$ cat model-v6.cif   # mmCIF, C-alpha atoms and all ligand atoms
data_target
#
loop_
_atom_site.label_atom_id
_atom_site.label_comp_id
_atom_site.auth_asym_id
_atom_site.auth_seq_id
_atom_site.Cartn_x
_atom_site.Cartn_y
_atom_site.Cartn_z
CA MET A 969 -18.78 7.37 -0.42
CA THR A 970 -20.92 4.37 -1.30
CA ALA A 971 -20.54 0.69 -0.45
CA ALA A 972 -16.74 1.00 -0.23
CA GLN A 973 -16.98 3.46 2.64
CA PRO A 974 -15.94 1.71 5.84
CA GLU A 975 -18.63 1.69 8.48
CA GLY A 976 -18.42 4.46 11.01
CA VAL A 977 -16.02 6.53 8.89
CA GLN A 978 -17.23 10.09 8.54
CA THR A 979 -15.67 12.41 6.02
CA SER A 980 -15.64 16.09 6.73
CA PRO A 981 -18.41 17.51 4.53
CA ALA A 982 -15.97 20.16 3.31
CA PHE A 983 -14.06 17.55 1.30
CA THR A 984 -15.30 15.40 -1.57
CA PRO A 985 -14.48 11.74 -0.91
CA ARG A 986 -11.27 10.85 -2.76
CA VAL A 987 -9.11 7.76 -2.41
CA PHE A 988 -5.31 7.81 -2.70
CA SER A 989 -2.78 5.07 -2.16
CA GLY A 990 0.69 4.10 -3.32
CA ILE A 991 3.10 1.20 -3.58
CA GLN A 992 6.89 1.30 -3.85
CA PRO A 993 8.47 -0.20 -6.98
CA SER A 994 11.25 -1.61 -4.84
CA GLY A 995 10.94 -5.23 -5.98
CA GLY A 996 8.30 -7.70 -7.10
CA LEU A 997 4.83 -7.67 -5.59
CA THR A 998 4.00 -10.16 -2.84
CA LEU A 999 0.70 -11.73 -1.87
CA GLY A 1000 0.78 -9.29 1.08
CA ASN A 1001 0.80 -6.28 -1.27
CA TYR A 1002 -1.95 -7.85 -3.33
CA LEU A 1003 -4.34 -8.77 -0.51
CA GLY A 1004 -3.49 -5.88 1.84
CA ALA A 1005 -3.48 -3.20 -0.83
CA ILE A 1006 -4.07 -3.76 -4.58
CA LYS A 1007 -7.11 -6.01 -4.30
CA ARG A 1008 -8.72 -3.45 -2.03
CA PHE A 1009 -7.76 -0.59 -4.38
CA VAL A 1010 -9.67 -2.47 -7.09
CA ASP A 1011 -12.70 -2.92 -4.83
CA MET A 1012 -12.74 0.81 -4.07
CA GLN A 1013 -12.91 1.89 -7.72
CA ALA A 1014 -16.28 3.51 -8.17
CA ASP A 1015 -18.12 5.83 -10.49
CA ASP A 1016 -18.99 8.50 -7.99
CA PHE A 1017 -15.61 9.35 -6.46
CA GLU A 1018 -12.02 9.54 -7.64
CA THR A 1019 -9.45 6.85 -6.95
CA ILE A 1020 -5.79 7.77 -7.39
CA TYR A 1021 -3.14 5.05 -7.34
CA CYS A 1022 0.52 5.87 -7.44
CA VAL A 1023 3.82 4.10 -8.05
CA VAL A 1024 5.97 5.85 -5.47
CA ASP A 1025 9.31 5.78 -7.24
CA LEU A 1026 10.76 8.62 -5.13
CA HIS A 1027 10.14 6.53 -2.02
CA ALA A 1028 11.77 3.51 -3.65
CA ILE A 1029 15.27 5.01 -3.48
CA THR A 1030 15.14 6.00 0.20
CA ALA A 1031 16.40 2.71 1.67
CA LYS A 1032 19.10 2.34 -0.97
CA LEU A 1033 19.78 3.72 -4.43
CA LEU A 1034 18.60 1.21 -7.01
CA GLU A 1035 20.15 0.23 -10.30
CA PRO A 1036 18.45 2.72 -12.72
CA ASP A 1037 17.39 0.01 -15.18
CA ALA A 1038 15.99 -2.07 -12.34
CA LEU A 1039 13.95 0.89 -11.05
CA ARG A 1040 12.55 1.52 -14.53
CA GLN A 1041 11.69 -2.17 -14.95
CA GLN A 1042 10.12 -2.45 -11.48
CA THR A 1043 8.07 0.71 -12.05
CA ARG A 1044 6.62 -0.69 -15.28
CA GLU A 1045 6.08 -4.10 -13.69
CA LEU A 1046 4.14 -2.54 -10.84
CA VAL A 1047 1.93 -0.63 -13.28
CA ALA A 1048 1.35 -3.87 -15.20
CA GLY A 1049 0.52 -5.61 -11.89
CA TYR A 1050 -1.95 -2.90 -10.94
CA ILE A 1051 -3.73 -3.18 -14.31
CA ALA A 1052 -3.62 -6.99 -14.42
CA SER A 1053 -5.23 -7.03 -10.95
CA GLY A 1054 -8.13 -4.89 -12.15
CA ILE A 1055 -7.14 -1.24 -11.80
CA ASP A 1056 -8.73 0.46 -14.78
CA PRO A 1057 -6.56 3.42 -15.86
CA THR A 1058 -9.53 5.10 -17.48
CA LYS A 1059 -11.40 5.04 -14.17
CA SER A 1060 -8.59 5.47 -11.67
CA ILE A 1061 -5.72 7.89 -12.03
CA LEU A 1062 -2.62 5.68 -12.31
CA PHE A 1063 0.78 7.39 -12.41
CA ASN A 1064 4.29 7.47 -10.99
CA GLN A 1065 5.13 9.98 -8.29
CA SER A 1066 8.24 11.53 -9.89
CA GLN A 1067 6.25 12.81 -12.90
CA VAL A 1068 4.21 15.10 -10.68
CA VAL A 1069 6.84 17.39 -9.20
CA GLU A 1070 4.31 18.91 -6.80
CA HIS A 1071 4.82 15.87 -4.54
CA THR A 1072 8.34 16.95 -3.64
CA GLN A 1073 7.36 20.59 -3.48
CA LEU A 1074 4.63 19.93 -0.93
CA ALA A 1075 6.93 17.50 0.89
CA TRP A 1076 9.35 20.38 1.48
CA ILE A 1077 6.66 22.39 3.23
CA PHE A 1078 5.80 19.33 5.32
CA ASN A 1079 9.49 18.81 6.17
CA CYS A 1080 9.23 22.19 7.82
CA VAL A 1081 5.93 21.38 9.58
CA ALA A 1082 6.84 17.91 10.91
CA ARG A 1083 9.13 17.61 13.94
CA VAL A 1084 12.30 15.53 14.14
CA GLY A 1085 10.87 13.83 17.24
CA TRP A 1086 7.84 12.62 15.25
CA MET A 1087 10.07 11.03 12.62
CA LYS A 1088 12.29 9.35 15.22
CA ARG A 1089 9.25 7.56 16.64
CA MET A 1090 8.37 5.88 13.34
CA THR A 1091 8.84 2.12 13.72
CA GLN A 1092 9.68 1.72 10.03
CA TRP A 1093 12.48 4.25 10.39
CA LYS A 1094 13.82 2.32 13.38
CA ASP A 1095 13.50 -1.02 11.57
CA LYS A 1096 14.96 0.11 8.26
CA ALA A 1097 17.74 2.32 9.60
CA GLY A 1098 18.60 -0.35 12.17
CA LYS A 1099 21.60 0.20 14.41
CA ASN A 1100 23.35 2.39 11.88
CA GLN A 1101 21.06 5.43 11.85
CA GLU A 1102 23.96 7.83 11.21
CA ASN A 1103 24.50 6.19 7.87
CA ALA A 1104 20.85 6.06 6.76
CA SER A 1105 19.78 8.49 4.05
CA LEU A 1106 18.10 11.76 4.91
CA GLY A 1107 15.39 10.65 2.47
CA LEU A 1108 14.62 7.59 4.59
CA PHE A 1109 14.21 9.80 7.66
CA ALA A 1110 11.92 12.27 5.86
CA TYR A 1111 10.03 9.52 4.04
CA PRO A 1112 6.75 9.94 6.02
CA ALA A 1113 6.60 13.68 5.18
CA LEU A 1114 6.74 12.80 1.47
CA MET A 1115 4.03 10.21 2.08
CA ALA A 1116 1.86 12.85 3.77
CA ALA A 1117 2.45 15.09 0.74
CA ASP A 1118 1.38 12.27 -1.62
CA ILE A 1119 -1.95 12.07 0.15
CA LEU A 1120 -2.66 15.69 1.03
CA LEU A 1121 -1.65 17.01 -2.40
CA TYR A 1122 -4.95 15.54 -3.62
CA HIS A 1123 -6.97 16.37 -0.51
CA ALA A 1124 -7.50 12.62 -0.28
CA THR A 1125 -9.99 11.63 2.39
CA HIS A 1126 -9.48 7.84 2.44
CA VAL A 1127 -6.26 5.86 2.18
CA PRO A 1128 -6.47 2.06 1.86
CA VAL A 1129 -3.31 0.40 3.20
CA GLY A 1130 -2.10 -2.64 5.13
CA GLU A 1131 -1.63 -2.53 8.90
CA ASP A 1132 2.09 -1.66 8.63
CA GLN A 1133 1.29 1.82 7.25
CA LYS A 1134 -1.01 2.83 10.12
CA GLN A 1135 1.61 4.86 11.97
CA HIS A 1136 2.54 6.78 8.80
CA LEU A 1137 -1.11 7.67 8.30
CA GLU A 1138 -1.38 8.91 11.88
CA LEU A 1139 1.60 11.13 11.14
CA THR A 1140 -0.15 12.38 7.99
CA ARG A 1141 -3.07 13.41 10.19
CA ASP A 1142 -0.68 15.11 12.64
CA ILE A 1143 0.94 17.07 9.80
CA ALA A 1144 -2.45 18.20 8.47
CA ILE A 1145 -3.60 19.19 11.97
CA LYS A 1146 -0.41 21.16 12.69
CA PHE A 1147 -0.43 22.90 9.30
CA ASN A 1148 -4.11 23.82 9.68
CA HIS A 1149 -3.54 25.01 13.26
CA ASP A 1150 -0.33 26.98 12.59
CA TYR A 1151 -1.82 28.81 9.61
CA GLY A 1152 -5.31 29.16 11.09
CA THR A 1153 -6.93 27.30 8.21
CA GLU A 1154 -8.88 24.12 7.49
CA PHE A 1155 -7.19 23.66 4.14
CA PHE A 1156 -6.05 20.05 4.56
CA PRO A 1157 -8.46 17.19 5.32
CA ILE A 1158 -7.85 14.86 8.24
CA THR A 1159 -7.44 11.65 6.29
CA GLU A 1160 -9.05 8.34 7.28
CA PRO A 1161 -6.91 5.21 7.05
CA VAL A 1162 -8.90 2.31 5.57
CA ILE A 1163 -7.37 -0.84 7.05
CA GLU A 1164 -9.97 -3.55 6.58
CA GLY A 1165 -10.57 -7.20 5.77
CA ALA A 1166 -8.95 -10.51 6.66
CA ALA A 1167 -5.55 -9.70 5.14
CA THR A 1168 -4.44 -6.36 6.55
CA ARG A 1169 -1.29 -8.08 7.81
CA VAL A 1170 -0.26 -11.13 5.79
CA MET A 1171 2.51 -12.92 7.67
CA SER A 1172 5.60 -14.81 6.52
CA LEU A 1173 4.96 -18.45 5.59
CA ARG A 1174 8.03 -19.42 7.63
CA ASP A 1175 7.34 -17.40 10.79
CA GLY A 1176 3.85 -16.28 11.84
CA SER A 1177 5.27 -13.41 13.90
CA LYS A 1178 6.92 -11.67 10.92
CA LYS A 1179 5.24 -9.73 8.12
CA MET A 1180 5.38 -11.22 4.61
CA SER A 1181 7.81 -8.91 2.86
CA LYS A 1182 9.70 -8.57 -0.40
CA SER A 1183 12.83 -7.79 1.60
CA ASP A 1184 12.81 -11.08 3.56
CA PRO A 1185 15.98 -12.99 2.55
CA SER A 1186 14.01 -16.26 2.36
CA ASP A 1187 11.98 -16.57 -0.85
CA ALA A 1188 10.05 -19.42 0.80
CA SER A 1189 8.64 -16.88 3.29
CA ARG A 1190 6.46 -15.22 0.67
CA ILE A 1191 4.31 -15.85 -2.36
CA ASN A 1192 5.39 -13.56 -5.18
CA MET A 1193 2.74 -12.46 -7.62
CA THR A 1194 4.92 -13.89 -10.40
CA ASP A 1195 5.33 -17.37 -8.83
CA ASP A 1196 4.10 -20.20 -11.04
CA ALA A 1197 1.60 -22.84 -9.90
CA ASP A 1198 4.25 -25.37 -8.81
CA THR A 1199 6.17 -22.80 -6.79
CA ILE A 1200 3.00 -21.63 -5.03
CA ALA A 1201 2.00 -25.23 -4.23
CA GLN A 1202 5.47 -25.99 -2.90
CA LYS A 1203 5.64 -22.87 -0.72
CA VAL A 1204 2.18 -23.53 0.75
CA ARG A 1205 3.05 -27.20 1.36
CA LYS A 1206 6.19 -26.16 3.25
CA ALA A 1207 4.49 -23.31 5.14
CA LYS A 1208 5.02 -23.57 8.88
CA THR A 1209 1.97 -24.82 10.80
CA ASP A 1210 1.22 -26.61 14.08
CA PRO A 1211 0.14 -30.25 14.51
CA ASP A 1212 -3.52 -29.56 15.39
CA ALA A 1213 -6.49 -29.67 13.04
CA LEU A 1214 -8.20 -26.40 12.08
CA PRO A 1215 -10.72 -25.05 14.59
CA SER A 1216 -14.37 -24.43 13.73
CA GLU A 1217 -14.44 -20.96 15.27
CA ALA A 1218 -12.18 -17.91 15.07
CA GLU A 1219 -11.31 -18.00 18.81
CA GLY A 1220 -9.59 -21.33 18.13
CA LEU A 1221 -6.95 -19.46 16.09
CA GLU A 1222 -5.72 -17.47 19.07
CA ARG A 1223 -2.09 -18.23 19.86
CA ARG A 1224 -1.84 -20.14 16.56
CA PRO A 1225 -0.29 -17.39 14.37
CA GLU A 1226 0.68 -19.63 11.44
CA ALA A 1227 -2.75 -21.31 11.30
CA ARG A 1228 -4.43 -17.92 11.57
CA ASN A 1229 -2.32 -16.53 8.74
CA LEU A 1230 -3.19 -19.34 6.33
CA VAL A 1231 -6.91 -19.06 7.18
CA ASN A 1232 -6.78 -15.26 6.74
CA ILE A 1233 -5.12 -15.67 3.34
CA TYR A 1234 -7.74 -18.21 2.30
CA ALA A 1235 -10.58 -15.96 3.47
CA ALA A 1236 -9.20 -12.93 1.61
CA LEU A 1237 -8.65 -14.90 -1.61
CA ALA A 1238 -12.10 -16.52 -1.38
CA GLU A 1239 -13.72 -13.20 -0.41
CA GLN A 1240 -15.33 -14.87 2.60
CA SER A 1241 -15.23 -14.10 6.30
CA VAL A 1242 -12.85 -16.07 8.51
CA GLU A 1243 -15.92 -17.48 10.32
CA ALA A 1244 -17.42 -18.74 7.05
CA VAL A 1245 -14.14 -20.39 6.05
CA LEU A 1246 -13.83 -22.10 9.43
CA ARG A 1247 -17.39 -23.39 9.20
CA ASP A 1248 -16.28 -25.28 6.05
CA VAL A 1249 -12.76 -26.35 6.98
CA GLY A 1250 -13.02 -26.72 10.79
CA GLY A 1251 -11.74 -30.15 11.84
CA LYS A 1252 -9.61 -30.66 8.72
CA PRO A 1253 -5.89 -31.35 9.14
CA PHE A 1254 -3.42 -29.05 7.34
CA SER A 1255 -2.62 -31.90 4.94
CA GLU A 1256 -6.13 -31.34 3.52
CA PHE A 1257 -6.37 -27.58 3.94
CA LYS A 1258 -3.03 -26.69 2.32
CA PRO A 1259 -3.90 -28.13 -1.13
CA MET A 1260 -7.23 -26.24 -0.97
CA LEU A 1261 -5.31 -23.06 -0.23
CA SER A 1262 -2.73 -23.52 -2.96
CA ASP A 1263 -5.41 -24.39 -5.55
CA LEU A 1264 -7.30 -21.22 -4.64
CA ALA A 1265 -4.13 -19.10 -4.73
CA VAL A 1266 -3.18 -20.45 -8.16
CA GLU A 1267 -6.72 -19.91 -9.46
CA ARG A 1268 -6.68 -16.28 -8.33
CA LEU A 1269 -3.05 -15.36 -9.05
CA SER A 1270 -2.18 -17.10 -12.30
CA PRO A 1271 -4.47 -14.93 -14.48
CA ILE A 1272 -2.82 -11.87 -12.89
CA SER A 1273 0.74 -13.04 -13.50
CA GLY A 1274 -0.15 -14.04 -17.08
CA GLU A 1275 -1.67 -10.65 -17.81
CA THR A 1276 1.25 -8.83 -16.13
CA ALA A 1277 3.70 -10.66 -18.40
CA ARG A 1278 1.58 -9.84 -21.46
CA LEU A 1279 1.44 -6.13 -20.57
CA MET A 1280 5.21 -6.05 -20.03
CA LEU A 1281 5.64 -6.84 -23.73
CA HIS A 1282 4.45 -3.29 -24.45
CA PRO A 1283 6.47 -0.91 -22.26
CA ASP A 1284 5.56 2.05 -24.47
CA GLU A 1285 1.89 1.54 -23.68
CA ILE A 1286 2.67 1.41 -19.99
CA ASP A 1287 4.65 4.65 -20.24
CA ALA A 1288 1.75 6.29 -22.10
CA ILE A 1289 -0.64 5.26 -19.33
CA LEU A 1290 1.70 6.80 -16.74
CA ARG A 1291 2.00 10.02 -18.75
CA GLY A 1292 -1.78 10.30 -19.09
CA GLY A 1293 -2.26 9.53 -15.40
CA ALA A 1294 0.34 12.13 -14.41
CA ASP A 1295 -1.45 14.76 -16.52
CA ARG A 1296 -4.72 14.03 -14.74
CA ALA A 1297 -3.02 13.97 -11.34
CA ARG A 1298 -1.40 17.35 -11.99
CA GLU A 1299 -4.79 18.90 -12.74
CA ILE A 1300 -5.76 18.21 -9.14
CA ALA A 1301 -2.34 18.76 -7.57
CA THR A 1302 -1.28 22.07 -9.13
CA PRO A 1303 -4.03 24.28 -7.66
CA ILE A 1304 -3.67 22.61 -4.24
CA LEU A 1305 0.09 23.26 -4.18
CA LYS A 1306 -0.41 26.83 -5.38
CA LYS A 1307 -2.95 27.48 -2.63
CA THR A 1308 -0.61 25.91 -0.06
CA TYR A 1309 2.25 28.21 -1.11
CA ASP A 1310 -0.14 31.13 -0.93
CA ILE A 1311 -1.21 30.19 2.62
CA VAL A 1312 2.46 29.87 3.63
CA GLY A 1313 3.29 33.27 2.14
CA MET A 1314 5.38 32.32 -0.85
CA VAL A 1315 5.03 35.07 -3.46
CA GLN A 1316 3.81 33.45 -6.68
CA GLY A 1317 4.52 35.84 -9.58
P1 LIG A 1401 4.80 -0.65 0.49
O1 LIG A 1401 5.27 -0.43 -0.90
O2 LIG A 1401 5.74 -1.24 1.49
O3 LIG A 1401 3.52 -1.58 0.47
C1 LIG A 1401 2.42 -1.31 -0.38
C2 LIG A 1401 1.11 -1.67 0.28
O4 LIG A 1401 1.09 -3.07 0.60
C3 LIG A 1401 0.76 -3.24 1.98
N1 LIG A 1401 1.47 -4.42 2.48
C4 LIG A 1401 0.87 -5.41 3.15
N2 LIG A 1401 -0.41 -5.61 3.50
C5 LIG A 1401 -0.70 -6.72 4.19
N3 LIG A 1401 0.23 -7.67 4.53
C6 LIG A 1401 1.53 -7.51 4.19
N4 LIG A 1401 2.44 -8.44 4.51
C7 LIG A 1401 1.89 -6.34 3.46
N5 LIG A 1401 3.08 -5.87 2.97
C8 LIG A 1401 2.79 -4.69 2.37
C9 LIG A 1401 1.24 -1.96 2.65
O5 LIG A 1401 0.58 -1.76 3.88
C10 LIG A 1401 0.89 -0.94 1.61
O6 LIG A 1401 -0.47 -0.56 1.72
N6 LIG A 1401 4.85 3.91 2.47
C11 LIG A 1401 4.11 3.03 1.60
C12 LIG A 1401 3.93 3.58 0.21
C13 LIG A 1401 3.31 4.93 0.14
C14 LIG A 1401 1.95 5.25 0.40
C15 LIG A 1401 1.85 6.66 0.16
C16 LIG A 1401 0.85 4.50 0.78
C17 LIG A 1401 3.94 6.09 -0.20
N7 LIG A 1401 3.07 7.14 -0.20
C18 LIG A 1401 0.64 7.30 0.32
C19 LIG A 1401 -0.37 5.17 0.94
C20 LIG A 1401 -0.47 6.56 0.70
C21 LIG A 1401 4.88 1.73 1.49
O7 LIG A 1401 6.07 1.67 1.68
O8 LIG A 1401 4.14 0.69 1.07
#

$ encode --input "model-v6.cif" --output "C-alpha cells"
Amino acid sequence: MTAAQPEGVQTSPAFTPRVFSGIQPSGGLTLGNYLGAIKRFVDMQADDFETIYCVVDLHAITAKLLEPDALRQQTRELVAGYIASGIDPTKSILFNQSQVVEHTQLAWIFNCVARVGWMKRMTQWKDKAGKNQENASLGLFAYPALMAADILLYHATHVPVGEDQKQHLELTRDIAIKFNHDYGTEFFPITEPVIEGAATRVMSLRDGSKKMSKSDPSDASRINMTDDADTIAQKVRKAKTDPDALPSEAEGLERRPEARNLVNIYAALAEQSVEAVLRDVGGKPFSEFKPMLSDLAVERLSPISGETARLMLHPDEIDAILRGGADRAREIATPILKKTYDIVGMVQG
C-alpha cells in the first residue's frame, strides 16, 4: 500500500493489499463513528488498491430485532453519511451485507471453526448480553464469526476500525490461522487491524471513562452527525471538564480523561497532532477552548449533515448504488467462497 499503509505493517506478499470495513445501521452516526472509522475510510481510498465499505445490516439485528422500516431508513442514511463524508462509490465498493449472501455462507464455515470459548471471551458479548446471557440471541453470540467472514470473504489485508473492535479483529486472525492450519493451507490472509490517529476511542462528553456511543441513553453524551450548529455548541459547552487550564504538552493530559478527549477530538477534526494542538492552546481555560472546538466541529460536520439530508431525498439512487456495489462485491466474494467450500470438501456440482 502507499501513504495510507501504517508504518511497520507488512502484508504477506501472497495477498494484494485490500481494505475492508463495516458499520452497523443500528442508529444514527456519532462523532465517534466519524472520527474513528468513516473519516479514516475516506483517507484510505486510493487508486492502487481496493477499498470495500459495508453497511452491516445482518449485524444490526443481533442485539435486538429492529422495526423493518427503521432498518431500511437507517441503512440508507448510513450510505448517505458515507457518501456525504467523502466515500466515492465509483472508487470504493459500497454495499450492504445482506445483498451478498456469501457473507452468511462463509460465516457458517467459521461458526464451525471458531470455538465457543473464544466467543465467550469477547468483551462486547459480555457487555451487550449483560447478566441475561441465556436470553441473548444466538446471532449476538456468533456475531464475531460473521465479522470474520465479512473481512476474509474479500481476502482483505487491512481493516480500519476504532479501538473497540480490536478484540474482534484478533479473533478474525485466530479464525484464519485455525482454518489455514486445520486444512493445511494458506488460503486466508492474516489481517492487520489499522487503529490509528488521535480519535481511535472518542469518549462520552459526560464521562471520560465511557466510549461515545449511539446506545448511551443520554443524548448529551454524544455528538450526532445530524446535530445542528446550536446543538453541537450546547453539547460542547456542557461537556464535562476539570477546573485546570489546558497543558502545553501531551503528558499534562494524563489522568485528565475529559480534557484529553476534547483535545483528541479537536486534533482529529483539525487533522493535527495532539502535540501541535497543545502548542497552540496550552494555557487556555476551557471557557476559551470549548468555543474553538464547537466552531471547528460545526465547520467540519455541517456540510456532511447537509449533504446527507440532500442524498436522503433520493432513496432510489441510494438503492442503485447499493445494488451496483453488491454486484462488484460479489465478483470478488463468489470465487473465494467457492474455493473455501472446495477446501472444506463440499461437493460443488
Ligand atoms: P460499529 O457499527 O459499532 O462502529 C463502526 C465503527 O466506528 C468505530 N467507533 C468508534 N471509534 C472511535 N470512538 C468511538 N467512540 C467509536 N464508536 C464506534 C468502531 O470501532 C467501528 O470501526 N462490529 C463492527 C462492524 C463490523 C465490522 C465488520 C467492522 C461488522 N463487520 C468487518 C470491520 C470489519 C461494529 O459493530 O462497529

$ closest_atom_pairs --input "model-v6.cif" --of "chain A" --to "ligand LIG 1401 (chain A)" --cutoff "7 Å" --atoms "all atoms listed in the file" --output "JSON lines"
{"residue": "A:Phe988", "atom": "CA", "partner": "A:LIG1401", "partner_atom": "C20", "distance": 6.0}
{"residue": "A:Ser989", "atom": "CA", "partner": "A:LIG1401", "partner_atom": "C19", "distance": 3.9}
{"residue": "A:Gly990", "atom": "CA", "partner": "A:LIG1401", "partner_atom": "C14", "distance": 4.1}
{"residue": "A:Ile991", "atom": "CA", "partner": "A:LIG1401", "partner_atom": "O1", "distance": 3.8}
{"residue": "A:Gln992", "atom": "CA", "partner": "A:LIG1401", "partner_atom": "O1", "distance": 3.8}
{"residue": "A:Pro993", "atom": "CA", "partner": "A:LIG1401", "partner_atom": "O1", "distance": 6.9}
{"residue": "A:Gly1000", "atom": "CA", "partner": "A:LIG1401", "partner_atom": "C6", "distance": 3.7}
{"residue": "A:Asn1001", "atom": "CA", "partner": "A:LIG1401", "partner_atom": "O4", "distance": 3.7}
{"residue": "A:Tyr1002", "atom": "CA", "partner": "A:LIG1401", "partner_atom": "O4", "distance": 6.9}
{"residue": "A:Leu1003", "atom": "CA", "partner": "A:LIG1401", "partner_atom": "C5", "distance": 6.3}
{"residue": "A:Gly1004", "atom": "CA", "partner": "A:LIG1401", "partner_atom": "N2", "distance": 3.5}
{"residue": "A:Ala1005", "atom": "CA", "partner": "A:LIG1401", "partner_atom": "O6", "distance": 4.7}
{"residue": "A:Val1024", "atom": "CA", "partner": "A:LIG1401", "partner_atom": "C17", "distance": 5.7}
{"residue": "A:His1027", "atom": "CA", "partner": "A:LIG1401", "partner_atom": "C17", "distance": 6.5}
{"residue": "A:Leu1114", "atom": "CA", "partner": "A:LIG1401", "partner_atom": "N7", "distance": 6.9}
{"residue": "A:Met1115", "atom": "CA", "partner": "A:LIG1401", "partner_atom": "N7", "distance": 3.9}
{"residue": "A:Ala1116", "atom": "CA", "partner": "A:LIG1401", "partner_atom": "C18", "distance": 6.6}
{"residue": "A:Asp1118", "atom": "CA", "partner": "A:LIG1401", "partner_atom": "C18", "distance": 5.4}
{"residue": "A:Ile1119", "atom": "CA", "partner": "A:LIG1401", "partner_atom": "C18", "distance": 5.4}
{"residue": "A:Val1127", "atom": "CA", "partner": "A:LIG1401", "partner_atom": "C20", "distance": 6.0}
{"residue": "A:Pro1128", "atom": "CA", "partner": "A:LIG1401", "partner_atom": "O6", "distance": 6.5}
{"residue": "A:Val1129", "atom": "CA", "partner": "A:LIG1401", "partner_atom": "O6", "distance": 3.3}
{"residue": "A:Gly1130", "atom": "CA", "partner": "A:LIG1401", "partner_atom": "O5", "distance": 3.1}
{"residue": "A:Glu1131", "atom": "CA", "partner": "A:LIG1401", "partner_atom": "O5", "distance": 5.5}
{"residue": "A:Asp1132", "atom": "CA", "partner": "A:LIG1401", "partner_atom": "O5", "distance": 5.0}
{"residue": "A:Gln1133", "atom": "CA", "partner": "A:LIG1401", "partner_atom": "O5", "distance": 5.0}
{"residue": "A:Ala1167", "atom": "CA", "partner": "A:LIG1401", "partner_atom": "C5", "distance": 5.8}
{"residue": "A:Thr1168", "atom": "CA", "partner": "A:LIG1401", "partner_atom": "C5", "distance": 4.4}
{"residue": "A:Arg1169", "atom": "CA", "partner": "A:LIG1401", "partner_atom": "N3", "distance": 3.6}
{"residue": "A:Val1170", "atom": "CA", "partner": "A:LIG1401", "partner_atom": "N3", "distance": 3.7}
{"residue": "A:Met1171", "atom": "CA", "partner": "A:LIG1401", "partner_atom": "N4", "distance": 5.5}
{"residue": "A:Lys1179", "atom": "CA", "partner": "A:LIG1401", "partner_atom": "N4", "distance": 4.7}
{"residue": "A:Met1180", "atom": "CA", "partner": "A:LIG1401", "partner_atom": "N4", "distance": 4.0}
{"residue": "A:Ser1181", "atom": "CA", "partner": "A:LIG1401", "partner_atom": "N5", "distance": 5.6}

$ write_last_selection --input "model-v6.cif" --atoms "C-alpha atoms" --output "JSON list (two decimals), keeping the file's coordinate frame"
[["chain", "number", "residue", "atom", "x", "y", "z"],
["A", 988, "PHE", "CA", -5.31, 7.81, -2.70],
["A", 989, "SER", "CA", -2.78, 5.07, -2.16],
["A", 990, "GLY", "CA", 0.69, 4.10, -3.32],
["A", 991, "ILE", "CA", 3.10, 1.20, -3.58],
["A", 992, "GLN", "CA", 6.89, 1.30, -3.85],
["A", 993, "PRO", "CA", 8.47, -0.20, -6.98],
["A", 1000, "GLY", "CA", 0.78, -9.29, 1.08],
["A", 1001, "ASN", "CA", 0.80, -6.28, -1.27],
["A", 1002, "TYR", "CA", -1.95, -7.85, -3.33],
["A", 1003, "LEU", "CA", -4.34, -8.77, -0.51],
["A", 1004, "GLY", "CA", -3.49, -5.88, 1.84],
["A", 1005, "ALA", "CA", -3.48, -3.20, -0.83],
["A", 1024, "VAL", "CA", 5.97, 5.85, -5.47],
["A", 1027, "HIS", "CA", 10.14, 6.53, -2.02],
["A", 1114, "LEU", "CA", 6.74, 12.80, 1.47],
["A", 1115, "MET", "CA", 4.03, 10.21, 2.08],
["A", 1116, "ALA", "CA", 1.86, 12.85, 3.77],
["A", 1118, "ASP", "CA", 1.38, 12.27, -1.62],
["A", 1119, "ILE", "CA", -1.95, 12.07, 0.15],
["A", 1127, "VAL", "CA", -6.26, 5.86, 2.18],
["A", 1128, "PRO", "CA", -6.47, 2.06, 1.86],
["A", 1129, "VAL", "CA", -3.31, 0.40, 3.20],
["A", 1130, "GLY", "CA", -2.10, -2.64, 5.13],
["A", 1131, "GLU", "CA", -1.63, -2.53, 8.90],
["A", 1132, "ASP", "CA", 2.09, -1.66, 8.63],
["A", 1133, "GLN", "CA", 1.29, 1.82, 7.25],
["A", 1167, "ALA", "CA", -5.55, -9.70, 5.14],
["A", 1168, "THR", "CA", -4.44, -6.36, 6.55],
["A", 1169, "ARG", "CA", -1.29, -8.08, 7.81],
["A", 1170, "VAL", "CA", -0.26, -11.13, 5.79],
["A", 1171, "MET", "CA", 2.51, -12.92, 7.67],
["A", 1179, "LYS", "CA", 5.24, -9.73, 8.12],
["A", 1180, "MET", "CA", 5.38, -11.22, 4.61],
["A", 1181, "SER", "CA", 7.81, -8.91, 2.86]]

$ closest_residue --input "model-v6.cif" --among "A:Lys1099, A:Val987, A:Asn1229, A:Leu1046" --to "A:His1126" --atoms "all atoms listed in the file"
A:Val987

$ residues_around --input "model-v6.cif" --residues "A:Arg1223" --least-positions-apart "3" --cutoff "12 Å" --atoms "all atoms listed in the file" --output "PyMOL selection string"
chain A and resi 1176-1177+1209-1210+1218-1220+1226-1229

$ closest_residue --input "model-v6.cif" --among "A:Thr984, A:Leu1026, A:Ile1163, A:Ala1277" --to "A:Thr1194" --atoms "only C-alpha atoms"
A:Ala1277

$ atom_distance --input "model-v6.cif" --atom1 "atom CA of A:Asp1025" --atom2 "atom CA of A:Asn1192"
19.8 Å

$ closest_residue --input "model-v6.cif" --among "A:Ala1110, A:Ile1029, A:Leu1137, A:Ala1238" --to "A:Arg1268" --atoms "all atoms listed in the file"
A:Ala1238

$ residues_around --input "model-v6.cif" --residues "stretch 1263-1267 of chain A" --least-positions-apart "3" --cutoff "9 Å" --atoms "only C-alpha atoms" --output "list in words"
Asp1196, Ala1197, Asp1198, Ile1200, Ala1201, Ile1233, Tyr1234, Leu1237, Ala1238, Lys1258, Pro1259, Met1260, Ser1270 and Pro1271 of chain A

$ write_last_selection --input "model-v6.cif" --atoms "C-alpha atoms" --output "compact mmCIF listing (two decimals), in the frame of the given file"
# COMPACT_ATOMS: atom_id res chain seq x y z
CA ASP A 1196 4.10 -20.20 -11.04
CA ALA A 1197 1.60 -22.84 -9.90
CA ASP A 1198 4.25 -25.37 -8.81
CA ILE A 1200 3.00 -21.63 -5.03
CA ALA A 1201 2.00 -25.23 -4.23
CA ILE A 1233 -5.12 -15.67 3.34
CA TYR A 1234 -7.74 -18.21 2.30
CA LEU A 1237 -8.65 -14.90 -1.61
CA ALA A 1238 -12.10 -16.52 -1.38
CA LYS A 1258 -3.03 -26.69 2.32
CA PRO A 1259 -3.90 -28.13 -1.13
CA MET A 1260 -7.23 -26.24 -0.97
CA SER A 1270 -2.18 -17.10 -12.30
CA PRO A 1271 -4.47 -14.93 -14.48
